[in-house]
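Participant: Next up, my_file31.txt (compact mmCIF, C-alpha atoms and all ligand atoms).
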```txt
# COMPACT_ATOMS: atom_id res chain seq x y z
CA MET Y 307 92.14 94.57 126.19
CA SER Y 308 90.65 95.32 122.75
CA ASP Y 309 92.43 94.13 119.60
CA PHE Y 310 93.30 97.71 118.81
CA LYS Y 311 94.83 98.42 122.23
CA GLN Y 312 96.87 95.21 122.00
CA GLN Y 313 98.06 96.16 118.54
CA LEU Y 314 98.90 99.70 119.66
CA ALA Y 315 100.89 98.32 122.63
CA ARG Y 316 102.79 95.95 120.32
CA SER Y 317 103.60 98.66 117.78
CA ALA Y 318 104.59 101.10 120.56
CA GLU Y 319 107.04 98.52 121.93
CA ALA Y 320 108.56 97.90 118.51
CA VAL Y 321 108.87 101.58 117.60
CA GLU Y 322 110.36 102.40 121.01
CA ALA Y 323 113.01 99.71 120.54
CA LEU Y 324 113.92 101.20 117.16
CA LEU Y 325 113.95 104.76 118.53
CA ALA Y 326 116.19 103.65 121.41
CA GLU Y 327 118.57 102.08 118.86
CA ILE Y 328 118.59 105.19 116.65
CA LEU Y 329 119.03 107.63 119.52
CA ALA Y 330 121.76 105.52 121.15
CA ASP Y 331 123.82 106.19 118.06
CA ALA Y 332 125.21 109.42 119.58
CA PRO Y 333 128.89 110.16 119.26
CA ASP Y 334 129.49 110.22 122.99
CA GLU Y 335 133.05 111.45 123.39
CA VAL Y 336 132.05 115.14 123.07
CA ALA Y 337 130.15 116.57 126.06
CA ALA Y 338 128.02 118.92 123.93
CA ASP Y 339 126.94 116.02 121.69
CA LYS Y 340 126.06 113.94 124.73
CA ARG Y 341 123.91 116.78 126.03
CA LEU Y 342 122.09 117.21 122.70
CA TRP Y 343 121.33 113.49 122.28
CA GLY Y 344 120.40 113.27 125.96
CA ALA Y 345 117.83 116.04 125.43
CA MET Y 346 116.46 114.23 122.35
CA ARG Y 347 116.14 110.99 124.32
CA HIS Y 348 114.51 112.86 127.22
CA SER Y 349 111.78 114.01 124.86
CA VAL Y 350 111.29 110.93 122.70
CA MET Y 351 111.75 108.13 125.25
CA ALA Y 352 109.36 109.62 127.85
CA GLY Y 353 106.38 107.53 126.80
CA GLY Y 354 103.35 108.87 124.99
CA LYS Y 355 100.63 106.89 123.26
CA ARG Y 356 102.67 106.35 120.05
CA LEU Y 357 99.41 106.70 118.14
CA ARG Y 358 101.00 108.03 114.94
CA PRO Y 359 103.45 105.10 114.52
CA GLY Y 360 100.53 102.76 115.30
CA LEU Y 361 98.58 104.28 112.40
CA VAL Y 362 101.57 103.92 110.05
CA LEU Y 363 101.92 100.23 110.94
CA MET Y 364 98.20 99.50 110.62
CA SER Y 365 97.89 101.23 107.25
CA ALA Y 366 101.08 99.45 106.11
CA GLU Y 367 99.63 96.07 107.04
CA LEU Y 368 96.36 96.91 105.28
CA CYS Y 369 98.25 97.83 102.09
CA GLY Y 370 100.81 95.02 102.14
CA ALA Y 371 103.88 97.12 102.95
CA GLU Y 372 106.93 95.62 104.68
CA ARG Y 373 106.85 96.02 108.47
CA ARG Y 374 110.50 97.06 108.84
CA GLY Y 375 110.10 100.09 106.54
CA ALA Y 376 106.81 101.04 108.19
CA LEU Y 377 108.49 100.91 111.61
CA ARG Y 378 111.16 103.32 110.37
CA VAL Y 379 108.51 105.75 109.08
CA GLY Y 380 106.67 105.33 112.39
CA ALA Y 381 109.86 106.26 114.28
CA ALA Y 382 110.30 109.27 111.97
CA ILE Y 383 106.78 110.61 112.52
CA GLU Y 384 107.14 110.12 116.29
CA LEU Y 385 110.35 112.19 116.16
CA ILE Y 386 108.53 114.98 114.32
CA HIS Y 387 105.60 114.84 116.75
CA SER Y 388 108.00 114.92 119.73
CA TYR Y 389 109.97 117.85 118.28
CA SER Y 390 106.70 119.79 117.89
CA LEU Y 391 105.94 119.19 121.57
CA VAL Y 392 109.44 120.31 122.64
CA HIS Y 393 109.09 123.56 120.70
CA ASP Y 394 105.43 124.07 121.68
CA ASP Y 395 106.41 123.82 125.37
CA LEU Y 396 109.02 126.62 125.09
CA PRO Y 397 108.42 129.90 126.94
CA ALA Y 398 108.01 131.68 123.57
CA MET Y 399 105.04 129.42 122.79
CA ASP Y 400 102.92 127.54 125.33
CA ASP Y 401 105.42 127.87 128.20
CA ASP Y 402 104.81 124.49 129.84
CA ASP Y 403 106.84 122.78 132.59
CA LEU Y 404 105.31 119.32 132.30
CA ARG Y 405 104.98 116.97 129.33
CA ARG Y 406 104.24 113.25 129.33
CA GLY Y 407 104.48 113.45 133.11
CA GLN Y 408 108.12 114.67 132.99
CA PRO Y 409 109.76 118.10 133.15
CA THR Y 410 109.76 119.61 129.64
CA VAL Y 411 113.09 119.66 127.79
CA HIS Y 412 113.81 123.35 128.41
CA ILE Y 413 113.24 122.78 132.15
CA ALA Y 414 115.33 119.58 132.36
CA TYR Y 415 118.05 121.14 130.15
CA ASP Y 416 117.78 124.75 128.95
CA GLU Y 417 116.00 126.70 126.20
CA ALA Y 418 118.81 126.68 123.65
CA THR Y 419 119.26 122.93 124.05
CA ALA Y 420 115.50 122.40 123.67
CA ILE Y 421 115.47 124.40 120.41
CA LEU Y 422 118.46 122.50 119.02
CA ALA Y 423 117.15 119.11 120.15
CA GLY Y 424 113.87 119.85 118.36
CA ASP Y 425 115.73 120.91 115.19
CA ALA Y 426 117.83 117.75 115.30
CA MET Y 427 114.77 115.51 115.81
CA LEU Y 428 113.01 117.04 112.81
CA THR Y 429 116.06 116.61 110.60
CA LEU Y 430 116.73 113.08 111.84
CA ALA Y 431 113.18 112.10 110.83
CA PHE Y 432 113.91 112.95 107.19
CA GLU Y 433 117.26 111.16 107.34
CA ILE Y 434 115.51 107.98 108.53
CA VAL Y 435 112.87 108.02 105.78
CA ALA Y 436 115.35 108.90 103.00
CA ASP Y 437 117.69 106.04 104.01
CA PRO Y 438 117.50 103.06 101.60
CA ALA Y 439 116.80 100.83 104.64
CA THR Y 440 113.27 102.30 104.66
CA HIS Y 441 112.32 101.08 101.16
CA LYS Y 442 114.35 99.68 98.29
CA ASP Y 443 112.65 101.95 95.73
CA GLY Y 444 113.93 105.55 95.67
CA ALA Y 445 110.71 106.94 94.15
CA THR Y 446 108.67 105.42 96.98
CA ARG Y 447 111.01 106.94 99.59
CA ALA Y 448 110.76 110.31 97.83
CA ALA Y 449 106.93 110.10 97.87
CA VAL Y 450 106.97 109.49 101.64
CA VAL Y 451 109.50 112.31 102.21
CA LEU Y 452 107.33 114.68 100.14
CA ALA Y 453 104.12 113.82 102.01
CA MET Y 454 105.92 114.09 105.39
CA ALA Y 455 107.43 117.48 104.50
CA ARG Y 456 104.03 118.81 103.42
CA ALA Y 457 102.41 117.55 106.64
CA ALA Y 458 105.10 118.99 108.94
CA GLY Y 459 105.81 122.33 107.26
CA ALA Y 460 104.25 125.74 106.63
CA GLY Y 461 101.31 124.21 104.75
CA GLY Y 462 100.74 121.73 107.59
CA MET Y 463 101.66 121.58 111.29
CA VAL Y 464 103.95 124.63 111.47
CA GLY Y 465 101.35 126.73 109.60
CA GLY Y 466 98.68 125.52 112.03
CA GLN Y 467 100.85 126.44 115.02
CA MET Y 468 101.34 129.93 113.54
CA ARG Y 469 97.56 130.33 113.14
CA ASP Y 470 97.15 129.14 116.73
CA LEU Y 471 99.58 131.76 118.04
CA ALA Y 472 97.85 134.47 115.98
CA ALA Y 473 94.49 133.37 117.43
CA GLU Y 474 95.71 134.25 120.94
CA ALA Y 475 95.73 137.94 119.98
CA GLU Y 476 92.59 137.66 117.88
CA PRO Y 477 90.43 134.69 118.96
CA LEU Y 478 88.74 132.78 116.14
CA THR Y 479 84.97 132.93 116.23
CA ARG Y 480 84.03 130.95 113.12
CA ILE Y 481 83.87 127.16 113.29
CA THR Y 482 85.36 126.87 109.78
CA ASP Y 483 88.45 128.85 110.82
CA ILE Y 484 88.93 126.74 113.94
CA LEU Y 485 88.56 123.54 111.91
CA ALA Y 486 91.08 124.78 109.33
CA LEU Y 487 93.58 125.63 112.10
CA GLN Y 488 93.19 122.20 113.67
CA GLU Y 489 93.42 120.37 110.35
CA HIS Y 490 96.83 121.96 109.95
CA LYS Y 491 98.17 121.90 113.51
CA THR Y 492 97.10 118.42 114.60
CA GLY Y 493 95.42 116.82 111.61
CA ALA Y 494 98.25 116.98 109.10
CA LEU Y 495 100.60 114.55 110.95
CA ILE Y 496 97.73 112.17 111.71
CA GLU Y 497 96.60 112.19 108.09
CA PHE Y 498 100.17 111.58 106.95
CA SER Y 499 100.45 108.63 109.37
CA CYS Y 500 97.34 107.08 107.80
CA ILE Y 501 98.60 107.32 104.21
CA ALA Y 502 102.27 106.53 104.85
CA GLY Y 503 101.67 102.76 104.95
CA ALA Y 504 99.70 103.01 101.70
CA LEU Y 505 102.56 104.88 100.01
CA LEU Y 506 105.05 102.26 101.23
CA GLY Y 507 102.80 99.44 100.04
CA GLY Y 508 102.26 100.91 96.56
CA ALA Y 509 98.49 101.30 97.11
CA ASP Y 510 96.36 102.71 94.28
CA ALA Y 511 94.98 106.26 94.20
CA ASP Y 512 91.51 105.22 95.51
CA GLN Y 513 93.02 103.44 98.49
CA ILE Y 514 95.27 106.40 99.30
CA ARG Y 515 92.31 108.78 99.00
CA ALA Y 516 90.23 106.56 101.34
CA LEU Y 517 92.98 106.57 103.98
CA GLU Y 518 93.39 110.33 103.54
CA ARG Y 519 89.67 110.86 104.24
CA PHE Y 520 89.88 108.53 107.23
CA GLY Y 521 92.95 110.38 108.56
CA HIS Y 522 91.29 113.74 108.05
CA ALA Y 523 88.26 112.75 110.14
CA LEU Y 524 90.48 111.09 112.77
CA GLY Y 525 92.62 114.23 113.10
CA LEU Y 526 89.54 116.31 113.85
CA ILE Y 527 88.21 113.76 116.36
CA PHE Y 528 91.63 113.81 118.04
CA GLN Y 529 91.63 117.60 118.34
CA ILE Y 530 88.03 117.77 119.59
CA THR Y 531 88.83 115.22 122.33
CA ASP Y 532 91.99 117.20 123.15
CA ASP Y 533 89.84 120.31 123.63
CA LEU Y 534 87.34 118.31 125.72
CA LEU Y 535 90.16 116.94 127.88
CA ASP Y 536 91.50 120.48 128.31
CA VAL Y 537 88.13 121.34 129.87
CA GLU Y 538 87.26 118.06 131.59
CA GLY Y 539 90.53 116.14 132.02
CA ASN Y 540 92.92 116.20 134.93
CA ALA Y 541 96.61 117.04 134.86
CA ALA Y 542 97.69 113.76 136.49
CA GLU Y 543 96.05 111.60 133.79
CA MET Y 544 97.13 113.93 130.99
CA GLY Y 545 100.75 114.32 132.16
CA LYS Y 546 100.53 118.04 131.31
CA ALA Y 547 98.69 121.17 132.44
CA VAL Y 548 94.98 121.41 131.57
CA GLY Y 549 92.56 124.38 131.29
CA LYS Y 550 95.08 126.41 129.29
CA ASP Y 551 92.84 127.17 126.31
CA ALA Y 552 90.13 128.69 128.49
CA ASP Y 553 92.77 130.66 130.45
CA ARG Y 554 94.03 132.16 127.22
CA GLY Y 555 90.53 132.88 125.87
CA LYS Y 556 91.25 130.67 122.84
CA GLY Y 557 88.38 129.93 120.47
CA THR Y 558 87.83 126.16 120.41
CA LEU Y 559 85.09 123.94 119.02
CA VAL Y 560 84.10 123.09 122.59
CA GLY Y 561 83.81 126.83 123.32
CA LEU Y 562 81.62 127.43 120.27
CA MET Y 563 79.54 124.23 120.27
CA GLY Y 564 79.46 123.42 123.99
CA ILE Y 565 80.59 120.10 125.48
CA ASP Y 566 77.59 118.11 124.20
CA GLY Y 567 77.77 119.69 120.74
CA ALA Y 568 81.48 118.90 120.44
CA ARG Y 569 80.90 115.31 121.60
CA SER Y 570 78.19 114.69 119.04
CA GLU Y 571 80.34 116.28 116.30
CA ALA Y 572 83.16 113.87 117.26
CA ARG Y 573 80.73 110.92 117.03
CA ARG Y 574 79.50 112.10 113.61
CA LEU Y 575 83.11 112.33 112.42
CA ALA Y 576 83.77 108.78 113.71
CA GLU Y 577 80.95 107.50 111.48
CA ASN Y 578 82.45 109.38 108.51
CA ALA Y 579 85.86 107.91 109.32
CA SER Y 580 84.45 104.39 109.28
CA LYS Y 581 82.60 104.96 105.98
CA ALA Y 582 85.75 106.35 104.37
CA LEU Y 583 87.31 102.88 104.67
CA GLU Y 584 84.48 101.03 102.84
CA ILE Y 585 86.80 100.20 99.94
CA PHE Y 586 88.84 97.93 102.28
CA GLY Y 587 85.81 96.09 103.73
CA ALA Y 588 86.23 94.25 107.04
CA ARG Y 589 90.02 94.18 106.64
CA ALA Y 590 90.05 97.79 107.89
CA ASN Y 591 88.17 97.03 111.13
CA LEU Y 592 91.29 97.43 113.27
CA LEU Y 593 91.89 100.89 111.82
CA ARG Y 594 88.18 101.71 112.30
CA SER Y 595 88.49 100.98 116.01
CA VAL Y 596 91.12 103.75 116.31
CA SER Y 597 88.39 106.37 116.21
CA ASP Y 598 86.64 104.75 119.21
CA PHE Y 599 89.95 104.68 121.06
CA VAL Y 600 90.48 108.38 120.31
CA LEU Y 601 86.88 109.25 121.28
CA ASP Y 602 87.27 107.48 124.64
CA ARG Y 603 90.81 108.55 125.47
CA ARG Y 604 91.64 110.04 128.88
CA ASN Y 605 95.08 111.38 127.97
C1 LIG M 1 105.92 123.95 117.53
C2 LIG M 1 105.91 123.54 115.04
C3 LIG M 1 105.27 123.41 116.34
C4 LIG M 1 104.07 122.79 116.39
C5 LIG M 1 103.37 122.48 117.60
C6 LIG M 1 101.44 119.63 118.07
C7 LIG M 1 101.57 121.05 118.36
C8 LIG M 1 102.04 121.92 117.26
C9 LIG M 1 101.34 121.55 119.57
C10 LIG M 1 100.95 120.74 120.72
C11 LIG M 1 99.78 121.39 121.36
C12 LIG M 1 98.69 120.43 121.49
C13 LIG M 1 98.40 119.96 122.88
C14 LIG M 1 98.01 120.04 120.45
C15 LIG M 1 96.84 119.14 120.56
C16 LIG M 1 97.01 117.83 119.93
C17 LIG M 1 98.24 117.14 120.32
C18 LIG M 1 99.28 117.13 119.31
C19 LIG M 1 98.35 116.53 121.49
C20 LIG M 1 99.51 115.72 121.90
O1 LIG M 1 99.56 114.53 121.15
P1 LIG M 1 99.36 113.09 121.81
O2 LIG M 1 98.13 113.10 122.68
O3 LIG M 1 100.62 113.06 122.75
O4 LIG M 1 99.43 112.04 120.76
P2 LIG M 1 101.49 111.80 123.24
O5 LIG M 1 102.25 112.36 124.42
O6 LIG M 1 100.57 110.68 123.61
O7 LIG M 1 102.38 111.45 122.11
```
Just give me the structure as structure tokens.

Facilitator:
Amino acid sequence: MSDFKQQLARSAEAVEALLAEILADAPDEVAADKRLWGAMRHSVMAGGKRLRPGLVLMSAELCGAERRGALRVGAAIELIHSYSLVHDDLPAMDDDDLRRGQPTVHIAYDEATAILAGDAMLTLAFEIVADPATHKDGATRAAVVLAMARAAGAGGMVGGQMRDLAAEAEPLTRITDILALQEHKTGALIEFSCIAGALLGGADADQIRALERFGHALGLIFQITDDLLDVEGNAAEMGKAVGKDADRGKGTLVGLMGIDGARSEARRLAENASKALEIFGARANLLRSVSDFVLDRRN
């Protein structure tokens, strides 16, 4: 196994242990509470690559931040990512029955519970980051909260999802519009994950900017491979339905550039991602190998 895969497996294990601890904290004497926390656990504890927490931990190590705080921010970003999947799977949006190889939350529970579980996961993420256990300095915690809110909200992931829904009625035909949509919908959380460790470690503006540029390129690579897997992947490996974009006539980079064009664009972005980290020298090699992992992923 490559160094990166080993590191990702180690960080996934650590973040899952913390998430299990946080989500076990349910007040369990009330049946409705048990159901809500059960739905949250169903979503969050169902596996997944845990790529975003891995990025938080790697950028934290690169910038000298404490591991415990980085783990908490990693758990928070995984909660936000998982909430977005729960809501995206709802009948009002993508209407999916399968996620991470399990029935989606609205299938295993019901729609109202899935909406509320998603709301609670999003809110819990902010509670975790704002807690003094994440970092002793209040201004540092506020900087992470601010960046996370910007990444998750109307100017980030939610805005991207809205553009994506609008594109179903009116498919996007310009590459720049598709890139902008993806930067918001998928890229914003990935970019946040890359700078969160730098914020926690008190990195300087140049270092934060370098990680931002790296995260930006990585987010696009991630989305291009997601589009490629939607065309070429299989549902068993992906743990979800594939071929949905084509079925809905959605404009994607793969649709506009073709499979080979999209692949070479992803490789070009991987070179940009690596160059963005020049300021850190060889110390950033582990983070650099993330783009190869994302390029080669099968799920
Ligand atoms: C509902 C506010 C709201 C937003 C939804 C993320 C998202 C926005 C929709 C999911 C649709 C989708 C398949 C996007 C492509 C990129 C993506 C986020 C894939 C899933 O992330 P992975 O591969 O999943 O990291 P795991 O399961 O490994 O965590």

Participant: Can you pull out every residue within 8 Å of stretch 586-599 of chain Y, counting all atoms listed in the file, but drop anything in the same chain fewer than 3 positions away, and send it as a PyMOL selection string?

Facilitator: chain Y and resi 309-310+361+364-365+368+513+524+527+576+579-580+583+602-603

Participant: Let's have the selection written as an mmCIF file, in the coordinates of the input, with C-alpha atoms.

Facilitator:
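Contents of the output file out-v2.cif:
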```
data_model
loop_
_atom_site.group_PDB
_atom_site.id
_atom_site.type_symbol
_atom_site.label_atom_id
_atom_site.label_comp_id
_atom_site.auth_asym_id
_atom_site.auth_seq_id
_atom_site.Cartn_x
_atom_site.Cartn_y
_atom_site.Cartn_z
ATOM 1 C CA ASP Y 309 92.430 94.130 119.600
ATOM 2 C CA PHE Y 310 93.300 97.710 118.810
ATOM 3 C CA LEU Y 361 98.580 104.280 112.400
ATOM 4 C CA MET Y 364 98.200 99.500 110.620
ATOM 5 C CA SER Y 365 97.890 101.230 107.250
ATOM 6 C CA LEU Y 368 96.360 96.910 105.280
ATOM 7 C CA GLN Y 513 93.020 103.440 98.490
ATOM 8 C CA LEU Y 524 90.480 111.090 112.770
ATOM 9 C CA ILE Y 527 88.210 113.760 116.360
ATOM 10 C CA ALA Y 576 83.770 108.780 113.710
ATOM 11 C CA ALA Y 579 85.860 107.910 109.320
ATOM 12 C CA SER Y 580 84.450 104.390 109.280
ATOM 13 C CA LEU Y 583 87.310 102.880 104.670
ATOM 14 C CA ASP Y 602 87.270 107.480 124.640
ATOM 15 C CA ARG Y 603 90.810 108.550 125.470
#
```

Participant: Chain Y near ligand LIG 1 (chain M) within 6 Å: what's each residue's closest atom pair and its distance in Å to one decimal, counting all atoms listed in the file, ordered by chain then ascending residue number, as a Markdown table?

Facilitator:
```
| residue | atom | partner | partner_atom | distance |
| --- | --- | --- | --- | --- |
| Y:Gly354 | CA | M:LIG1 | O6 | 3.6 |
| Y:Lys355 | CA | M:LIG1 | O6 | 3.8 |
| Y:Arg356 | CA | M:LIG1 | O7 | 5.5 |
| Y:Leu357 | CA | M:LIG1 | O4 | 5.9 |
| Y:Ser390 | CA | M:LIG1 | C3 | 4.2 |
| Y:Leu391 | CA | M:LIG1 | C10 | 5.3 |
| Y:His393 | CA | M:LIG1 | C1 | 4.5 |
| Y:Asp394 | CA | M:LIG1 | C1 | 4.2 |
| Y:Arg406 | CA | M:LIG1 | O5 | 5.4 |
| Y:Met463 | CA | M:LIG1 | C4 | 5.8 |
| Y:Val464 | CA | M:LIG1 | C2 | 4.2 |
| Y:Gln467 | CA | M:LIG1 | C4 | 5.1 |
| Y:Lys491 | CA | M:LIG1 | C8 | 5.4 |
| Y:Thr492 | CA | M:LIG1 | C18 | 5.3 |
| Y:Gln529 | CA | M:LIG1 | C16 | 5.6 |
| Y:Asp532 | CA | M:LIG1 | C15 | 5.8 |
```

Participant: Find the spatial neighbours of Y:Cys369, counting all atoms listed in the file, within a cut-off of 10 Å - ignore same-chain residues fewer than 3 positions away - and output them as a VMD selection string.

Facilitator: chain Y and resid 363 to 366 372 501 to 510 513 to 514 586

Participant: Name the residues in contact with Y:Glu327 at a cut-off of 12 Å, using all atoms listed in the file, excluding same-chain residues fewer than 6 positions from it; report them as a PDB file with C-alpha atoms, in the coordinates of the input.

Facilitator:
```pdb
ATOM      1  CA  ALA Y 320     108.560  97.900 118.510  1.00  0.00           C
ATOM      2  CA  VAL Y 321     108.870 101.580 117.600  1.00  0.00           C
ATOM      3  CA  ARG Y 347     116.140 110.990 124.320  1.00  0.00           C
ATOM      4  CA  MET Y 351     111.750 108.130 125.250  1.00  0.00           C
ATOM      5  CA  ARG Y 378     111.160 103.320 110.370  1.00  0.00           C
ATOM      6  CA  ALA Y 381     109.860 106.260 114.280  1.00  0.00           C
TER       7      ALA Y 381
END
```

Participant: Neighbours of stretch 420-437 of chain Y within 8 Å (only C-alpha atoms; same-chain residues fewer than 4 positions away dropped), as a list in words?

Facilitator: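 Here the qualifying residues turn out to be Leu342, Trp343, Ala345, Met346, Arg378, Val379, Ala381, Ala382, Ile383, Leu385, Ile386, Ser388, Tyr389, Ser390, Val392, His393, Leu396, Val411, His412, Tyr415, Asp416, His441, Arg447, Ala448, Val450 and Val451 of chain Y.
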
Participant: Would you mind telling me which residue in Y:Asn578, Y:Ser308, Y:Thr410, Y:Thr558 lies nearest to Y:Pro397 when using only C-alpha atoms?

Facilitator: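 The closest residue to Y:Pro397 is Y:Thr410.
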
Participant: Please identify all polymer residues within 7 Å of Y:Ile530, counting all atoms listed in the file, omitting same-chain residues fewer than 4 positions from it, and present them as a list in words.

Facilitator: Leu526, Leu534, Leu559, Ala568 and Ala572 of chain Y

Participant: So, counting only C-alpha atoms, which residue among Y:Leu471, Y:Ala414, Y:Leu324, Y:Ala376 is closest to Y:Val362?

Facilitator: Y:Ala376

Participant: Smallest atom-to-atom distance to Y:Gln488: which of Y:Ala523, Y:Leu329, Y:Ala352, Y:Ala315, using all atoms listed in the file?

Facilitator: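 The closest residue to Y:Gln488 is Y:Ala523.
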
Participant: Considering all atoms listed in the file, can you say which of Y:Leu575, Y:Leu377, Y:Leu535, Y:Ala326 comes closest to Y:Ala439?

Facilitator: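 Closest to Y:Ala439, using all atoms listed in the file: Y:Leu377.
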
Participant: For the atom pair atom CA of Y:Asp470 and atom CA of Y:Lys556, what is the interatomic distance in Å to one decimal place?

Facilitator: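 Atom-to-atom, atom CA of Y:Asp470 to atom CA of Y:Lys556, that is 8.6 Å.
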
Participant: Just give me the gap between atom CA of Y:Ile585 and atom CA of Y:Gly525 in Å, one decimal is fine.

Facilitator: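 Going from atom CA of Y:Ile585 over to atom CA of Y:Gly525 covers 20.1 Å.
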
Participant: When distances are computed from only C-alpha atoms, which of Y:Met399, Y:Ile481, Y:Val560, Y:Leu325 shows the smallest separation from Y:Asp536?

Facilitator: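 Of all the options, Y:Val560 lies closest to Y:Asp536.
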
Participant: Enter the distance from atom CA of Y:Asp566 to atom CA of Y:Glu518, in Å, rounded to one decimal.

Facilitator: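 Straight-line distance from atom CA of Y:Asp566 to atom CA of Y:Glu518 works out to 27.1 Å.
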
Participant: Using the file's own x, y and z axes, so that the box edges lie along x, y and z, what centre and edge lengths in Å (one decimal) does a box around every listed atom of stretch 441-460 of chain Y get when 3 Å is added on each side? Give it as JSON.

Facilitator:
```
{"center_x": 108.4, "center_y": 112.7, "center_z": 101.5, "size_x": 17.9, "size_y": 32.1, "size_z": 20.8}
```

Participant: Counting only C-alpha atoms, which residue out of Y:Glu571, Y:Val600, Y:Thr479, Y:Met468 sits closest to Y:Phe528?

Facilitator: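 Of the candidates, the smallest distance to Y:Phe528 is held by Y:Val600.
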
Participant: Should you be able to, write stretch 383-397 of chain Y of this structure into a file that contains N, CA, C and O atoms, as an mmCIF file, in the first residue's frame.

Facilitator:
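Result saved to out_20.cif:
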```cif
data_model
loop_
_atom_site.group_PDB
_atom_site.id
_atom_site.type_symbol
_atom_site.label_atom_id
_atom_site.label_comp_id
_atom_site.auth_asym_id
_atom_site.auth_seq_id
_atom_site.Cartn_x
_atom_site.Cartn_y
_atom_site.Cartn_z
ATOM 1 N N ILE Y 383 -16.096 18.211 9.091
ATOM 2 C CA ILE Y 383 -16.266 18.307 7.633
ATOM 3 C C ILE Y 383 -16.895 17.023 7.086
ATOM 4 O O ILE Y 383 -17.683 17.051 6.135
ATOM 5 N N GLU Y 384 -16.610 15.885 7.725
ATOM 6 C CA GLU Y 384 -17.244 14.633 7.293
ATOM 7 C C GLU Y 384 -18.750 14.672 7.593
ATOM 8 O O GLU Y 384 -19.558 14.154 6.824
ATOM 9 N N LEU Y 385 -19.123 15.300 8.706
ATOM 10 C CA LEU Y 385 -20.554 15.446 9.011
ATOM 11 C C LEU Y 385 -21.244 16.321 7.956
ATOM 12 O O LEU Y 385 -22.359 16.021 7.518
ATOM 13 N N ILE Y 386 -20.570 17.407 7.552
ATOM 14 C CA ILE Y 386 -21.186 18.279 6.540
ATOM 15 C C ILE Y 386 -21.281 17.548 5.198
ATOM 16 O O ILE Y 386 -22.313 17.584 4.523
ATOM 17 N N HIS Y 387 -20.217 16.853 4.835
ATOM 18 C CA HIS Y 387 -20.242 16.073 3.587
ATOM 19 C C HIS Y 387 -21.374 15.033 3.639
ATOM 20 O O HIS Y 387 -22.158 14.897 2.696
ATOM 21 N N SER Y 388 -21.492 14.326 4.769
ATOM 22 C CA SER Y 388 -22.518 13.281 4.872
ATOM 23 C C SER Y 388 -23.926 13.886 4.831
ATOM 24 O O SER Y 388 -24.826 13.319 4.202
ATOM 25 N N TYR Y 389 -24.105 15.028 5.499
ATOM 26 C CA TYR Y 389 -25.432 15.684 5.431
ATOM 27 C C TYR Y 389 -25.777 16.020 3.978
ATOM 28 O O TYR Y 389 -26.920 15.847 3.539
ATOM 29 N N SER Y 390 -24.768 16.503 3.208
ATOM 30 C CA SER Y 390 -25.061 16.891 1.819
ATOM 31 C C SER Y 390 -25.490 15.669 1.008
ATOM 32 O O SER Y 390 -26.353 15.766 0.135
ATOM 33 N N LEU Y 391 -24.915 14.515 1.338
ATOM 34 C CA LEU Y 391 -25.308 13.294 0.614
ATOM 35 C C LEU Y 391 -26.723 12.878 0.997
ATOM 36 O O LEU Y 391 -27.522 12.485 0.144
ATOM 37 N N VAL Y 392 -27.053 12.982 2.301
ATOM 38 C CA VAL Y 392 -28.409 12.619 2.758
ATOM 39 C C VAL Y 392 -29.446 13.487 2.029
ATOM 40 O O VAL Y 392 -30.453 12.983 1.505
ATOM 41 N N HIS Y 393 -29.199 14.788 1.982
ATOM 42 C CA HIS Y 393 -30.171 15.677 1.329
ATOM 43 C C HIS Y 393 -30.157 15.496 -0.191
ATOM 44 O O HIS Y 393 -31.209 15.517 -0.832
ATOM 45 N N ASP Y 394 -28.971 15.281 -0.764
ATOM 46 C CA ASP Y 394 -28.885 15.085 -2.222
ATOM 47 C C ASP Y 394 -29.658 13.833 -2.658
ATOM 48 O O ASP Y 394 -30.210 13.783 -3.755
ATOM 49 N N ASP Y 395 -29.696 12.813 -1.779
ATOM 50 C CA ASP Y 395 -30.357 11.554 -2.135
ATOM 51 C C ASP Y 395 -31.889 11.628 -2.041
ATOM 52 O O ASP Y 395 -32.588 10.714 -2.494
ATOM 53 N N LEU Y 396 -32.422 12.699 -1.449
ATOM 54 C CA LEU Y 396 -33.878 12.803 -1.248
ATOM 55 C C LEU Y 396 -34.643 12.813 -2.578
ATOM 56 O O LEU Y 396 -34.104 13.266 -3.594
ATOM 57 N N PRO Y 397 -35.888 12.358 -2.549
ATOM 58 C CA PRO Y 397 -36.693 12.380 -3.790
ATOM 59 C C PRO Y 397 -36.759 13.765 -4.438
ATOM 60 O O PRO Y 397 -36.800 13.872 -5.655
#
```
